[in-house]
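Content type mmCIF, C-alpha atoms and all ligand atoms, from the file run-v6.cif:
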data_run
loop_
_atom_site.group_PDB
_atom_site.id
_atom_site.type_symbol
_atom_site.label_atom_id
_atom_site.label_comp_id
_atom_site.auth_asym_id
_atom_site.auth_seq_id
_atom_site.Cartn_x
_atom_site.Cartn_y
_atom_site.Cartn_z
ATOM 1 C CA MET A 1 151.762 87.232 84.158
ATOM 2 C CA GLY A 2 150.241 85.733 87.292
ATOM 3 C CA TYR A 3 152.018 83.762 90.006
ATOM 4 C CA PHE A 4 150.549 81.192 92.368
ATOM 5 C CA ALA A 5 151.769 79.209 95.375
ATOM 6 C CA GLY A 6 150.847 75.647 96.327
ATOM 7 C CA ILE A 7 151.540 74.320 99.834
ATOM 8 C CA ASP A 8 151.395 70.561 100.430
ATOM 9 C CA VAL A 9 151.136 69.829 104.152
ATOM 10 C CA GLY A 10 152.000 66.237 105.038
ATOM 11 C CA GLY A 11 152.381 64.414 108.344
ATOM 12 C CA THR A 12 156.146 64.955 108.501
ATOM 13 C CA LYS A 13 156.932 67.759 106.037
ATOM 14 C CA ILE A 14 155.597 70.759 104.174
ATOM 15 C CA TYR A 15 156.453 71.235 100.520
ATOM 16 C CA THR A 16 155.742 74.420 98.578
ATOM 17 C CA VAL A 17 155.970 75.339 94.908
ATOM 18 C CA VAL A 18 155.519 78.682 93.155
ATOM 19 C CA ILE A 19 154.313 78.554 89.552
ATOM 20 C CA ASN A 20 153.554 80.917 86.704
ATOM 21 C CA ASP A 21 150.436 80.990 84.477
ATOM 22 C CA ALA A 22 151.759 78.117 82.389
ATOM 23 C CA GLY A 23 152.249 75.824 85.385
ATOM 24 C CA THR A 24 156.038 76.039 85.289
ATOM 25 C CA ILE A 25 157.605 75.666 88.727
ATOM 26 C CA LEU A 26 159.725 78.739 89.462
ATOM 27 C CA GLY A 27 160.643 78.034 93.073
ATOM 28 C CA ARG A 28 160.340 75.318 95.706
ATOM 29 C CA ALA A 29 160.866 74.895 99.433
ATOM 30 C CA LYS A 30 160.618 72.113 101.984
ATOM 31 C CA ILE A 31 160.303 72.301 105.765
ATOM 32 C CA LYS A 32 160.056 69.528 108.360
ATOM 33 C CA VAL A 33 157.096 69.267 110.701
ATOM 34 C CA GLY A 34 158.326 68.535 114.237
ATOM 35 C CA GLN A 35 156.672 66.918 117.241
ATOM 36 C CA ASP A 36 154.353 69.874 117.817
ATOM 37 C CA THR A 37 151.624 69.461 115.209
ATOM 38 C CA CYS A 38 149.043 71.855 116.619
ATOM 39 C CA PHE A 39 147.399 73.808 113.802
ATOM 40 C CA ASP A 40 148.851 77.224 114.724
ATOM 41 C CA THR A 41 152.395 75.827 114.776
ATOM 42 C CA VAL A 42 151.942 74.094 111.416
ATOM 43 C CA LEU A 43 150.375 77.233 109.934
ATOM 44 C CA GLY A 44 153.491 79.143 111.032
ATOM 45 C CA LEU A 45 155.660 76.558 109.249
ATOM 46 C CA MET A 46 153.464 76.788 106.137
ATOM 47 C CA ASN A 47 154.053 80.523 106.125
ATOM 48 C CA ASP A 48 157.833 80.067 106.520
ATOM 49 C CA CYS A 49 157.893 77.520 103.702
ATOM 50 C CA TYR A 50 155.828 79.842 101.505
ATOM 51 C CA HIS A 51 158.258 82.763 102.145
ATOM 52 C CA ILE A 52 161.261 80.640 101.186
ATOM 53 C CA ALA A 53 159.611 79.303 98.006
ATOM 54 C CA VAL A 54 158.591 82.819 96.875
ATOM 55 C CA ASN A 55 162.123 83.991 97.539
ATOM 56 C CA ASN A 56 163.572 81.009 95.632
ATOM 57 C CA ALA A 57 161.332 81.943 92.692
ATOM 58 C CA SER A 58 162.922 85.436 92.770
ATOM 59 C CA LEU A 59 159.522 87.003 93.361
ATOM 60 C CA ALA A 60 158.082 89.318 95.998
ATOM 61 C CA GLU A 61 155.050 88.267 98.010
ATOM 62 C CA ASP A 62 152.836 90.971 96.555
ATOM 63 C CA GLN A 63 153.345 89.346 93.133
ATOM 64 C CA ILE A 64 151.597 86.152 94.288
ATOM 65 C CA ASP A 65 147.937 86.210 93.259
ATOM 66 C CA ALA A 66 146.575 83.323 95.316
ATOM 67 C CA VAL A 67 147.648 80.497 97.611
ATOM 68 C CA GLY A 68 146.427 76.916 97.451
ATOM 69 C CA ALA A 69 147.040 74.470 100.281
ATOM 70 C CA SER A 70 146.337 70.856 101.091
ATOM 71 C CA ALA A 71 146.124 68.714 104.195
ATOM 72 C CA PRO A 72 146.080 64.940 104.659
ATOM 73 C CA ALA A 73 142.511 65.287 105.831
ATOM 74 C CA SER A 74 138.871 65.394 104.951
ATOM 75 C CA VAL A 75 137.923 69.044 104.508
ATOM 76 C CA ASP A 76 134.450 70.593 104.733
ATOM 77 C CA ARG A 77 134.845 73.632 102.524
ATOM 78 C CA ARG A 78 131.360 74.953 103.187
ATOM 79 C CA ARG A 79 131.928 75.235 106.918
ATOM 80 C CA GLY A 80 135.653 76.004 106.671
ATOM 81 C CA LEU A 81 136.569 72.969 108.764
ATOM 82 C CA ILE A 82 139.359 70.439 108.563
ATOM 83 C CA LEU A 83 137.308 67.502 109.800
ATOM 84 C CA HIS A 84 139.997 64.983 110.648
ATOM 85 C CA ALA A 85 143.717 64.715 109.908
ATOM 86 C CA PRO A 86 144.888 61.621 111.817
ATOM 87 C CA ASN A 87 148.590 62.123 110.954
ATOM 88 C CA LEU A 88 148.584 65.598 112.462
ATOM 89 C CA GLU A 89 146.049 64.843 115.189
ATOM 90 C CA TRP A 90 143.702 67.574 113.966
ATOM 91 C CA LYS A 91 139.966 67.335 114.508
ATOM 92 C CA ASN A 92 137.402 69.967 113.499
ATOM 93 C CA VAL A 93 139.967 72.726 112.958
ATOM 94 C CA LYS A 94 138.498 76.054 111.842
ATOM 95 C CA PHE A 95 140.994 77.170 109.239
ATOM 96 C CA LEU A 96 139.386 80.159 107.480
ATOM 97 C CA ALA A 97 140.232 83.084 109.789
ATOM 98 C CA PRO A 98 143.800 82.027 110.716
ATOM 99 C CA MET A 99 144.728 81.308 107.096
ATOM 100 C CA LYS A 100 143.232 84.562 105.881
ATOM 101 C CA ALA A 101 145.225 86.472 108.515
ATOM 102 C CA THR A 102 148.427 84.608 107.622
ATOM 103 C CA PHE A 103 148.427 84.832 103.829
ATOM 104 C CA GLN A 104 146.230 87.907 103.246
ATOM 105 C CA LYS A 105 145.333 86.693 99.755
ATOM 106 C CA PRO A 106 142.613 84.606 98.165
ATOM 107 C CA PHE A 107 143.322 81.034 99.203
ATOM 108 C CA PHE A 108 141.969 77.505 99.036
ATOM 109 C CA LEU A 109 142.436 74.385 101.090
ATOM 110 C CA ASP A 110 141.402 70.833 100.297
ATOM 111 C CA ASN A 111 142.305 67.195 100.770
ATOM 112 C CA ASP A 112 145.797 66.453 99.427
ATOM 113 C CA VAL A 113 144.893 63.491 97.237
ATOM 114 C CA ASN A 114 142.092 65.389 95.484
ATOM 115 C CA LEU A 115 144.614 68.063 94.534
ATOM 116 C CA GLY A 116 147.212 65.490 93.447
ATOM 117 C CA ALA A 117 144.592 63.927 91.157
ATOM 118 C CA PHE A 118 143.682 67.407 89.899
ATOM 119 C CA ALA A 119 147.329 68.035 88.950
ATOM 120 C CA GLU A 120 147.672 64.683 87.183
ATOM 121 C CA PHE A 121 144.517 65.452 85.188
ATOM 122 C CA HIS A 122 145.664 68.888 84.015
ATOM 123 C CA LEU A 123 149.441 68.630 83.911
ATOM 124 C CA GLY A 124 150.397 64.954 84.165
ATOM 125 C CA ALA A 125 149.367 61.501 83.015
ATOM 126 C CA GLY A 126 145.669 62.418 82.707
ATOM 127 C CA LYS A 127 146.127 65.249 80.221
ATOM 128 C CA ASN A 128 144.451 63.517 77.276
ATOM 129 C CA TYR A 129 141.348 62.255 79.071
ATOM 130 C CA HIS A 130 138.003 63.778 80.028
ATOM 131 C CA SER A 131 137.690 61.801 83.223
ATOM 132 C CA ILE A 132 140.244 60.085 85.423
ATOM 133 C CA TYR A 133 140.468 58.327 88.706
ATOM 134 C CA ALA A 134 143.892 58.768 90.314
ATOM 135 C CA MET A 135 144.938 56.325 93.016
ATOM 136 C CA PHE A 136 148.034 56.841 95.173
ATOM 137 C CA ILE A 137 149.399 53.751 96.884
ATOM 138 C CA GLY A 138 151.891 53.965 99.741
ATOM 139 C CA THR A 139 151.461 53.435 103.480
ATOM 140 C CA GLY A 140 147.758 54.023 102.841
ATOM 141 C CA ILE A 141 145.687 54.410 99.676
ATOM 142 C CA GLY A 142 144.046 57.651 98.613
ATOM 143 C CA GLY A 143 142.266 58.596 95.456
ATOM 144 C CA GLY A 144 140.648 61.458 93.611
ATOM 145 C CA TYR A 145 137.999 61.519 90.921
ATOM 146 C CA ILE A 146 138.144 64.253 88.251
ATOM 147 C CA ILE A 147 135.548 64.823 85.530
ATOM 148 C CA ASP A 148 135.961 67.531 82.888
ATOM 149 C CA GLY A 149 138.721 69.087 84.932
ATOM 150 C CA LYS A 150 136.669 69.330 88.114
ATOM 151 C CA ILE A 151 137.221 67.585 91.436
ATOM 152 C CA ILE A 152 134.226 65.476 92.469
ATOM 153 C CA TRP A 153 133.864 65.985 96.228
ATOM 154 C CA GLY A 154 130.692 64.076 96.955
ATOM 155 C CA VAL A 155 127.963 64.925 99.409
ATOM 156 C CA ASN A 156 130.134 64.457 102.518
ATOM 157 C CA TYR A 157 133.506 65.187 100.890
ATOM 158 C CA THR A 158 134.386 61.495 100.768
ATOM 159 C CA ALA A 159 134.052 60.796 97.036
ATOM 160 C CA GLY A 160 137.104 58.987 95.735
ATOM 161 C CA GLU A 161 138.048 57.323 99.048
ATOM 162 C CA VAL A 162 138.763 54.063 97.278
ATOM 163 C CA GLY A 163 141.196 52.967 100.007
ATOM 164 C CA HIS A 164 138.217 52.468 102.289
ATOM 165 C CA THR A 165 136.001 50.538 99.940
ATOM 166 C CA VAL A 166 135.529 47.010 101.247
ATOM 167 C CA ILE A 167 136.955 44.312 98.994
ATOM 168 C CA LYS A 168 137.000 41.482 101.529
ATOM 169 C CA ILE A 169 133.979 40.856 103.732
ATOM 170 C CA GLY A 170 135.134 40.161 107.288
ATOM 171 C CA GLY A 171 138.749 40.876 106.297
ATOM 172 C CA GLN A 172 141.494 42.474 108.383
ATOM 173 C CA ARG A 173 140.744 45.492 110.543
ATOM 174 C CA CYS A 174 141.609 48.750 108.726
ATOM 175 C CA SER A 175 142.938 52.018 110.200
ATOM 176 C CA CYS A 176 139.436 53.480 109.663
ATOM 177 C CA GLY A 177 137.869 50.906 112.003
ATOM 178 C CA ASN A 178 136.074 48.872 109.311
ATOM 179 C CA ARG A 179 137.160 45.484 108.064
ATOM 180 C CA GLY A 180 138.450 44.347 104.682
ATOM 181 C CA CYS A 181 139.098 47.770 103.133
ATOM 182 C CA LEU A 182 141.318 47.902 100.038
ATOM 183 C CA GLU A 183 143.928 49.694 102.169
ATOM 184 C CA SER A 184 144.111 46.769 104.603
ATOM 185 C CA VAL A 185 145.012 44.439 101.722
ATOM 186 C CA SER A 186 146.913 46.495 99.158
ATOM 187 C CA ALA A 187 148.657 49.354 100.976
ATOM 188 C CA LYS A 188 152.001 48.903 102.712
ATOM 189 C CA SER A 189 150.296 48.808 106.110
ATOM 190 C CA GLY A 190 148.181 45.834 104.951
ATOM 191 C CA MET A 191 151.152 44.097 103.354
ATOM 192 C CA ILE A 192 153.156 44.378 106.569
ATOM 193 C CA LYS A 193 150.318 42.773 108.568
ATOM 194 C CA PHE A 194 150.081 39.932 106.054
ATOM 195 C CA MET A 195 153.840 39.284 106.090
ATOM 196 C CA LYS A 196 154.082 39.558 109.883
ATOM 197 C CA LYS A 197 151.498 36.819 110.194
ATOM 198 C CA ALA A 198 153.412 34.582 107.778
ATOM 199 C CA VAL A 199 156.700 35.091 109.621
ATOM 200 C CA ASP A 200 155.588 35.302 113.259
ATOM 201 C CA GLU A 201 152.742 32.800 113.254
ATOM 202 C CA HIS A 202 153.653 30.410 110.472
ATOM 203 C CA GLY A 203 157.434 30.473 110.814
ATOM 204 C CA GLN A 204 158.173 31.497 107.241
ATOM 205 C CA THR A 205 161.348 33.437 106.477
ATOM 206 C CA THR A 206 161.936 36.553 104.426
ATOM 207 C CA LEU A 207 164.939 38.431 103.065
ATOM 208 C CA LEU A 208 163.435 41.589 104.518
ATOM 209 C CA GLU A 209 164.975 40.673 107.895
ATOM 210 C CA LYS A 210 168.346 41.437 106.296
ATOM 211 C CA LEU A 211 167.349 44.097 103.771
ATOM 212 C CA GLU A 212 165.245 46.149 106.177
ATOM 213 C CA PRO A 213 165.503 44.897 109.791
ATOM 214 C CA ASP A 214 162.745 47.337 110.883
ATOM 215 C CA TRP A 215 160.328 46.188 108.168
ATOM 216 C CA ARG A 216 157.554 45.480 110.679
ATOM 217 C CA ILE A 217 157.415 49.179 111.560
ATOM 218 C CA SER A 218 158.613 50.974 108.465
ATOM 219 C CA LEU A 219 159.053 49.295 105.114
ATOM 220 C CA GLY A 220 160.728 51.092 102.223
ATOM 221 C CA SER A 221 159.518 50.389 98.691
ATOM 222 C CA SER A 222 163.105 49.860 97.525
ATOM 223 C CA ALA A 223 163.601 47.001 100.042
ATOM 224 C CA LEU A 224 160.414 45.421 98.706
ATOM 225 C CA ARG A 225 161.790 45.725 95.198
ATOM 226 C CA LYS A 226 165.082 44.076 96.149
ATOM 227 C CA ALA A 227 163.277 41.192 97.865
ATOM 228 C CA TRP A 228 160.934 40.807 94.881
ATOM 229 C CA LYS A 229 163.878 40.702 92.473
ATOM 230 C CA LYS A 230 165.332 37.870 94.573
ATOM 231 C CA HIS A 231 162.016 35.967 94.417
ATOM 232 C CA ASP A 232 161.349 36.236 98.156
ATOM 233 C CA LEU A 233 158.253 34.091 98.565
ATOM 234 C CA ILE A 234 156.441 36.124 101.224
ATOM 235 C CA VAL A 235 157.135 39.425 99.505
ATOM 236 C CA MET A 236 155.922 37.990 96.193
ATOM 237 C CA GLN A 237 152.709 36.778 97.838
ATOM 238 C CA ALA A 238 152.148 40.130 99.536
ATOM 239 C CA LEU A 239 152.761 42.025 96.295
ATOM 240 C CA LYS A 240 150.405 39.795 94.314
ATOM 241 C CA ARG A 241 147.660 40.250 96.904
ATOM 242 C CA SER A 242 148.271 43.986 96.826
ATOM 243 C CA ALA A 243 148.113 44.224 93.019
ATOM 244 C CA ASP A 244 145.064 41.952 92.818
ATOM 245 C CA GLY A 245 143.225 44.174 95.316
ATOM 246 C CA ILE A 246 144.049 47.261 93.283
ATOM 247 C CA GLY A 247 143.026 45.493 90.071
ATOM 248 C CA ILE A 248 139.633 44.641 91.563
ATOM 249 C CA ALA A 249 139.210 48.177 92.890
ATOM 250 C CA ALA A 250 140.079 49.547 89.444
ATOM 251 C CA ALA A 251 137.526 47.202 87.837
ATOM 252 C CA ASN A 252 134.873 48.338 90.322
ATOM 253 C CA LEU A 253 135.680 51.986 89.669
ATOM 254 C CA ILE A 254 135.314 51.447 85.929
ATOM 255 C CA SER A 255 132.027 49.575 86.349
ATOM 256 C CA ILE A 256 130.571 52.254 88.602
ATOM 257 C CA THR A 257 131.885 55.444 87.017
ATOM 258 C CA GLY A 258 132.837 54.558 83.424
ATOM 259 C CA VAL A 259 136.000 56.594 83.925
ATOM 260 C CA GLU A 260 138.339 56.927 80.902
ATOM 261 C CA ALA A 261 141.610 56.276 82.697
ATOM 262 C CA ILE A 262 142.992 55.067 85.988
ATOM 263 C CA ILE A 263 146.196 56.824 87.000
ATOM 264 C CA LEU A 264 148.385 55.074 89.545
ATOM 265 C CA GLY A 265 150.944 56.847 91.718
ATOM 266 C CA GLY A 266 152.596 56.756 95.127
ATOM 267 C CA GLY A 267 155.738 55.108 96.493
ATOM 268 C CA LEU A 268 154.878 51.487 95.722
ATOM 269 C CA ILE A 269 153.981 52.207 92.092
ATOM 270 C CA GLU A 270 157.005 54.484 91.569
ATOM 271 C CA GLU A 271 159.325 51.710 92.692
ATOM 272 C CA LEU A 272 157.534 48.609 91.360
ATOM 273 C CA ASP A 273 155.581 49.770 88.307
ATOM 274 C CA ASP A 274 157.020 46.954 86.165
ATOM 275 C CA PHE A 275 155.395 44.472 88.548
ATOM 276 C CA TYR A 276 152.190 46.328 89.385
ATOM 277 C CA LEU A 277 150.942 47.733 86.082
ATOM 278 C CA PRO A 278 150.746 44.523 84.006
ATOM 279 C CA ARG A 279 149.184 42.544 86.856
ATOM 280 C CA ILE A 280 146.648 45.263 87.709
ATOM 281 C CA LYS A 281 145.713 45.527 84.029
ATOM 282 C CA LYS A 282 145.062 41.795 83.818
ATOM 283 C CA VAL A 283 142.943 41.678 86.991
ATOM 284 C CA MET A 284 141.088 44.849 86.025
ATOM 285 C CA ARG A 285 140.116 43.401 82.635
ATOM 286 C CA LYS A 286 139.091 40.075 84.143
ATOM 287 C CA ASN A 287 136.799 41.695 86.693
ATOM 288 C CA THR A 288 134.856 44.074 84.489
ATOM 289 C CA MET A 289 131.794 43.045 82.556
ATOM 290 C CA ALA A 290 132.039 42.328 78.826
ATOM 291 C CA ASN A 291 134.100 45.126 77.284
ATOM 292 C CA GLY A 292 133.964 47.345 80.359
ATOM 293 C CA ALA A 293 137.707 47.981 80.527
ATOM 294 C CA LYS A 294 138.283 48.135 76.758
ATOM 295 C CA GLY A 295 140.198 51.263 75.863
ATOM 296 C CA VAL A 296 140.361 52.421 79.481
ATOM 297 C CA GLY A 297 143.819 53.838 80.129
ATOM 298 C CA LEU A 298 145.962 52.507 82.944
ATOM 299 C CA ARG A 299 148.826 54.919 83.422
ATOM 300 C CA LYS A 300 151.585 55.633 85.859
ATOM 301 C CA ALA A 301 151.331 59.072 87.474
ATOM 302 C CA ARG A 302 153.830 61.533 86.069
ATOM 303 C CA LEU A 303 154.273 64.303 88.583
ATOM 304 C CA GLY A 304 155.866 62.350 91.442
ATOM 305 C CA ASP A 305 156.385 64.312 94.654
ATOM 306 C CA ASP A 306 155.347 67.572 92.963
ATOM 307 C CA ALA A 307 151.766 66.421 92.288
ATOM 308 C CA VAL A 308 149.976 67.728 95.373
ATOM 309 C CA ALA A 309 151.753 71.097 95.676
ATOM 310 C CA LEU A 310 151.373 71.637 91.939
ATOM 311 C CA GLY A 311 147.677 70.758 92.182
ATOM 312 C CA CYS A 312 147.229 73.323 94.987
ATOM 313 C CA ALA A 313 148.815 76.077 92.892
ATOM 314 C CA TRP A 314 147.105 75.053 89.638
ATOM 315 C CA PHE A 315 143.702 74.952 91.341
ATOM 316 C CA VAL A 316 143.878 78.577 92.510
ATOM 317 C CA ARG A 317 145.228 79.626 89.099
ATOM 318 C CA GLN A 318 142.105 78.477 87.208
ATOM 319 C CA PRO A 319 139.693 81.337 86.387
ATOM 320 C CA GLU A 320 136.699 78.999 86.856
ATOM 321 C CA ASN A 321 137.769 78.213 90.432
ATOM 322 C CA GLN A 322 137.982 81.820 91.597
ATOM 323 C CA GLU A 323 134.497 81.702 93.096
ATOM 324 C CA LEU A 324 135.557 78.733 95.245
ATOM 325 C CA LEU A 325 138.509 80.582 96.823
ATOM 326 C CA PHE A 326 138.195 81.844 100.379
HETATM 327 ZN ZN ZN B 401 139.308 51.475 105.880
#
Since I need it in another form, could you write the structure as structure tokens?
Amino acid sequence: MGYFAGIDVGGTKIYTVVINDAGTILGRAKIKVGQDTCFDTVLGLMNDCYHIAVNNASLAEDQIDAVGASAPASVDRRRGLILHAPNLEWKNVKFLAPMKATFQKPFFLDNDVNLGAFAEFHLGAGKNYHSIYAMFIGTGIGGGYIIDGKIIWGVNYTAGEVGHTVIKIGGQRCSCGNRGCLESVSAKSGMIKFMKKAVDEHGQTTLLEKLEPDWRISLGSSALRKAWKKHDLIVMQALKRSADGIGIAAANLISITGVEAIILGGGLIEELDDFYLPRIKKVMRKNTMANGAKGVGLRKARLGDDAVALGCAWFVRQPENQELLF
């Protein structure tokens, strides 16, 4: 029996799982990331989190065969560089030597969303398909493209970055610096901008002022749901815009890649799937040519908050990935 660890490093927390050969989670651990996000500090926290998860799985460290990790970043595997992780303020971090010294085992590190998509393909909602595109919608929008069980990285490691495909020429400025990206329309950050404009510039009112007084800064999906249930006009407009953007992006993905299924996850979908899925399906069908979307699956992701950590561990478990480990 082999055992594998997966460490999901986010902007505010680190989450680790330990699995067996079958992908069953035997132990978990979670640690907060504080103000100090320099790579060495976070690597120390990753190691602490890993120790606790191994212990919670009732295993010893020498029983762990390999460690997979993820970062909210673009990662150049060939050069061993984390190119840019805006949430952690990392730029061009050389991760190979420090990680090798810390874990002293074969390891792997990649972009978090790629590994979340990888997990959904093998262990979640994508199990019965040969190719999937998984899109995770929350504050931002990330995605990963998997064919025949393999992550498609693309020439500059940016394949699958659907959040930064332009769907509105000359649209709102996006966090990436471009204008009109899907993220600036359909992610929470884009929805907040849209609603702020309606309230602050056009004098409209919203129940969010009561439900979530800080909605301009941080907007929970459950507050959005409550406002939607009460037919709050601005929230309904923002949600429709968001779903329509995702529907168009899904149609474009199908037209370009011919993918068998689109898997949708992330906070907004978890909370509002009964709104999002039917509307996205309709828009997706309308915006593909002829029978383009016929038989293409549109599914809700199944692995929730476990997806990325599970993907990290499952990636290093696969015999065919051993040559990619560091
Ligand atoms: Zn963008």
(Q) Let me see if you get this right: every residue at most 8 Å from ligand ZN 401 (chain B), counting all atoms listed in the file, written as a ChimeraX atom specification. (A) /A:163-166,173-184
Q | Result set of the PyMOL selection byres (((chain A and resi 319-325) around 12) and not hetatm) on the coordinates above, as a ChimeraX atom specification | A | /A:2,21,65-69,77-78,80,96,100,105-110,149-151,312-318,326
Q) Can you list what the PyMOL selection byres (((chain A and resi 85) around 12) and not hetatm) grabs from this structure, as a ChimeraX atom specification? A) /A:9-11,37-39,70-75,81-84,86-93,110-112
Q. Mind telling me what the PyMOL selection byres (((chain A and resi 127) around 12) and not hetatm) catches here, as a VMD selection string?
A. chain A and resid 117 to 126 128 to 132 146 to 149 260 to 261 263 297 299 301 to 303
Q | Point-to-point distance in Å for atom CA of Met289 of chain A and atom CA of Ser255 of chain A | A |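 Taking atom CA of Ser255 of chain A and atom CA of Met289 of chain A, their separation equals 7.6 Å.
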Q) Excluding same-chain residues fewer than 2 positions from Lys240 of chain A, what lies within 10 Å of it counting all atoms listed in the file, as an NGL selection string? A) :A and (186 or 234-238 or 242-246 or 275-276 or 279-280)
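Shell of Ile248 of chain A at 9 Å, with only C-alpha atoms counted and residues fewer than 4 places along the chain excluded, is Ile167, Ala243, Asp244, Asn252, Leu253, Ile280, Val283, Met284, Lys286, Asn287 and Thr288 of chain A.
With atom CA of Val185 of chain A on one side and atom CA of Gly171 of chain A on the other, the separation reads 8.5 Å.
For the pair atom CA of Thr41 of chain A and atom CA of Trp153 of chain A, the separation is 28.0 Å.
The nearest approach to Ser221 of chain A among the residues A:Asn47, A:Thr206, A:Asn56, A:Thr139, with all atoms listed in the file taken into account, belongs to A:Thr139.
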How would segment 81-99 of chain A read, as a compact mmCIF listing (two decimals), in the coordinates of the input, once N, CA and C atoms are built in?
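Dumped everything to result25.txt:
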# COMPACT_ATOMS: atom_id res chain seq x y z
N LEU A 81 136.07 73.86 107.70
CA LEU A 81 136.57 72.97 108.76
C LEU A 81 137.46 71.88 108.19
N ILE A 82 138.61 71.66 108.82
CA ILE A 82 139.36 70.44 108.56
C ILE A 82 138.76 69.41 109.52
N LEU A 83 138.08 68.41 108.94
CA LEU A 83 137.31 67.50 109.80
C LEU A 83 138.21 66.58 110.62
N HIS A 84 139.14 65.92 109.93
CA HIS A 84 140.00 64.98 110.65
C HIS A 84 141.29 64.74 109.88
N ALA A 85 142.40 65.03 110.50
CA ALA A 85 143.72 64.72 109.91
C ALA A 85 144.45 63.84 110.91
N PRO A 86 144.30 62.51 110.81
CA PRO A 86 144.89 61.62 111.82
C PRO A 86 146.40 61.79 111.98
N ASN A 87 147.13 62.00 110.87
CA ASN A 87 148.59 62.12 110.95
C ASN A 87 149.04 63.33 111.75
N LEU A 88 148.21 64.36 111.77
CA LEU A 88 148.58 65.60 112.46
C LEU A 88 147.78 65.77 113.76
N GLU A 89 146.94 64.80 114.01
CA GLU A 89 146.05 64.84 115.19
C GLU A 89 145.18 66.09 115.21
N TRP A 90 144.63 66.45 114.04
CA TRP A 90 143.70 67.57 113.97
C TRP A 90 142.29 67.03 113.88
N LYS A 91 141.38 67.67 114.62
CA LYS A 91 139.97 67.33 114.51
C LYS A 91 139.17 68.62 114.54
N ASN A 92 138.27 68.79 113.57
CA ASN A 92 137.40 69.97 113.50
C ASN A 92 138.15 71.29 113.69
N VAL A 93 139.19 71.49 112.88
CA VAL A 93 139.97 72.73 112.96
C VAL A 93 139.32 73.79 112.06
N LYS A 94 139.03 74.94 112.64
CA LYS A 94 138.50 76.05 111.84
C LYS A 94 139.68 76.77 111.19
N PHE A 95 139.77 76.66 109.87
CA PHE A 95 140.99 77.17 109.24
C PHE A 95 140.83 78.52 108.54
N LEU A 96 139.59 78.97 108.32
CA LEU A 96 139.39 80.16 107.48
C LEU A 96 140.07 81.42 108.02
N ALA A 97 139.71 81.82 109.25
CA ALA A 97 140.23 83.08 109.79
C ALA A 97 141.75 83.05 109.96
N PRO A 98 142.33 82.01 110.57
CA PRO A 98 143.80 82.03 110.72
C PRO A 98 144.55 82.02 109.39
N MET A 99 144.01 81.32 108.38
CA MET A 99 144.73 81.31 107.10
C MET A 99 144.61 82.64 106.39
